[in-house]
Amino acid sequence: MTQPPPPPNQPPGGFGAPQDPPPGGFGAPQDPPPGGFGAPTPPPAQPPYGYPQQPGQPPMPPQGQPPYGYPQQQPQPPYGQPPAQPPYGQPQQPPYGYPTQPQYPQYQQAPPPGSGGGGKKLSTQMQIVIAAVVAVVLIVGGGLWYANSGGGDEKGKDAKGTSGGTTTGGADGGSAGGTGGGGKEKVPASTAAKMTVQLPQPKVEDVTDVSGSWITDKAFVKTGVNSVVAYDLDKGTVLWTLPLTGQVCGASAHVTADGKTPILFEASKRLPPKNYQPCTEVGLVDLNTGKLVWSTSVTGGSAGDSKAKFSEVTLSGATVAAGGTDGGAAFDVANGNPRWKPQANADNCYDMGYGGGEGLVAARKCGPYGSQYVLIQNLNPTTGAPIAQFKMPAGVDYASVVSTKPLVVAADVGDAATDGSGISDFFSIDEKTGKLKAKITADSERYAARCRSTEVENCSKVVVGNGRLYLPTEEHEGSTGEYGDETNEIVAFDLASGKPVPQKADAGDRYTLVPLRMDGGNIIAYKLPPYDKGGRIVSIDGGSMKETTLLENPVEKGSNSPERSFSSDYAEIDYADGRLFLSEVMIDKQRSASSSKEYLVVGYSTR
């Protein structure tokens, strides 16, 4: 999985200057080492592909021709395909991009704990250190990605195509007999697209989070500065602006059937030199009218009598749910009335956040400081009562919900993912019983999926549908072997067994496939282009993995290409009904010496 880019500059105010507090504010509960202080050290991660699996063998380099004196590697099968069957009695080597670890470890099912929040606070000195680190991380690669809903709450719209979590077709998570097809996205009369929207970045004085984008029947809606703004789909002109008391600090991919979505925002505007305000306000936005239907805040949890601070928000049916280090809360989508509030130190547990869509799933951190663990709970969205739960294995500090139905969770077990992707394994869980169906090991050197581990619903480049988990491989050398000839594939795993399926989708030489969301039984994916081509949107049959082109962008040569100014790791990519929008998730003060244009949004259309 790809590394985040290096920090372009030092943090605002220089190193050593006061930085923004971490999510939840100073004094919020922090995480212990994996397994807690004094706990047994987790087992070492599986050696990278190509390294010896048995002790006593000399190490082999993972790539390229081994140096003199090292044993020679055997020829590999075509990238992403299972290898030829070995002779009888010989162990079978898994193909590149497929797991090498056993798929069925046994994890204990935990009894339901009480609800609530809380946690032990760290020293002031440690809080300051953590705050500085968080501020630098935001500058390096910040940005949010949200799991995309495929449930009945979206009325056939692409609420947000940045990431996975979509579940349609074979939603029981078992072996999908009728995979693929049934999508709403159709091939246009001509797939050739033209650029229709170019929106410059607004002026800001510091790093500003602008995550959140949605496509409606009439508008492309995007988070702005202390506002949410709707733009004409084909002209980019402003249709409406919703002013807010402060900056948006959380947004959901999920949208109700009548076009409403929840957001988080700050209670007041940022005034230099203070570039941070607590993220305390929860609101519901009507994406059709630009009205703030309701807004509210709550107290409780580790915040005590102060307003609870949240870091993410989601939607499931008639419930809006928000979570953070102060605990979790839920609200009636109709009027904003609280369904539940953060609880102070109940069983030493608090809801870090929720995954929404077809179900509502909480990731809870429990236990005394130094021996905390993570629970995954499938909740009744109206009451918050646990329906089933699963205790994550030792060595898991955070967990990300990729899909709620079927229930798929990603985690970095024992800090095995060394690339910052936040994923070492995916867990396929029965949402009715809480039992583990399969564990899918995802070597970070082979797969390109990403989760922002400190948030529960924030994964990209991974989708779920047809009872399968779809993952892109990392880029690798293409068939020509020439410079710049890199490509990748999308491969799939069965959620019932954890085993890879034989079909795969090839990006083709010099293209890279990025899965965005499910469309019925099909995968909507963006094809990152080479320098002399335009990007493409394709629909991939979830069974046969055959692709159909839906949109082809024009060629934009040169270093100032608007399309190539966006990173697939740090941008929101939305596609619906023949229109593609690329938008930033994080902006900063513009550099006066910069000769290249800095875009907030660019859009393309075949219509």
# chains A, B, ... in the order shown; residues from 1 in each chain; ligands from 1
$ select_by_dssp --residues "range 368-518 of chain A" --states "strand (DSSP E)" --output "ChimeraX atom specification"
/A:373-379,386-391,400-404,407-411,425-429,436-441,450-451,459-460,463-465,468-472,476-477,486-487,489-494,500-506,512-518
$ residues_around --residues "Gly355 in chain A" --least-positions-apart "2" --cutoff "9 Å" --atoms "only C-alpha atoms" --output "ChimeraX atom specification"
/A:147,313-316,321,353,357,359-363,400-404,456-458
$ residues_around --residues "Met352 in chain A" --least-positions-apart "3" --cutoff "10 Å" --atoms "only C-alpha atoms" --output "list in words"
Gly117, Phe310, Ser311, Glu312, Ala322, Gly323, Gly324, Thr325, Asp326, Gly327, Gly328, Cys349, Ala362, Ala363, Arg364, Lys365, Val374, Tyr398, Ala399, Thr454, Glu455 and Val456 of chain A
$ write_last_selection --atoms "C-alpha atoms" --output "PDB file, in the first residue's frame"
ATOM      1  CA  GLY A 117     -17.697   6.299  27.735  1.00  0.00           C
ATOM      2  CA  PHE A 310     -16.933  14.281  17.989  1.00  0.00           C
ATOM      3  CA  SER A 311     -14.609  13.271  15.176  1.00  0.00           C
ATOM      4  CA  GLU A 312     -16.978  11.497  12.768  1.00  0.00           C
ATOM      5  CA  ALA A 322     -21.577  10.541  16.023  1.00  0.00           C
ATOM      6  CA  GLY A 323     -18.525   9.244  17.858  1.00  0.00           C
ATOM      7  CA  GLY A 324     -15.207  10.334  19.288  1.00  0.00           C
ATOM      8  CA  THR A 325     -13.000  10.109  22.343  1.00  0.00           C
ATOM      9  CA  ASP A 326     -15.706  11.738  24.483  1.00  0.00           C
ATOM     10  CA  GLY A 327     -18.006   8.838  23.604  1.00  0.00           C
ATOM     11  CA  GLY A 328     -20.847   8.241  21.182  1.00  0.00           C
ATOM     12  CA  CYS A 349     -16.041   1.725  27.546  1.00  0.00           C
ATOM     13  CA  ALA A 362     -20.126   0.648  16.805  1.00  0.00           C
ATOM     14  CA  ALA A 363     -16.421   0.287  17.460  1.00  0.00           C
ATOM     15  CA  ARG A 364     -15.982   0.485  21.243  1.00  0.00           C
ATOM     16  CA  LYS A 365     -12.820   0.791  23.258  1.00  0.00           C
ATOM     17  CA  VAL A 374     -11.818  -3.158  20.965  1.00  0.00           C
ATOM     18  CA  TYR A 398      -8.479   0.774  16.391  1.00  0.00           C
ATOM     19  CA  ALA A 399     -10.888  -0.807  13.943  1.00  0.00           C
ATOM     20  CA  THR A 454      -8.205   6.480  14.198  1.00  0.00           C
ATOM     21  CA  GLU A 455     -11.638   6.810  12.583  1.00  0.00           C
ATOM     22  CA  VAL A 456     -14.215   4.064  12.340  1.00  0.00           C
TER      23      VAL A 456
END
$ atom_distance --atom1 "CA of Arg452 in chain A" --atom2 "CA of Asp574 in chain A"
19.3 Å
$ closest_residue --among "A:Val413, A:Met586, A:Val408, A:Ser605" --to "Cys249 in chain A" --atoms "only C-alpha atoms"
A:Met586
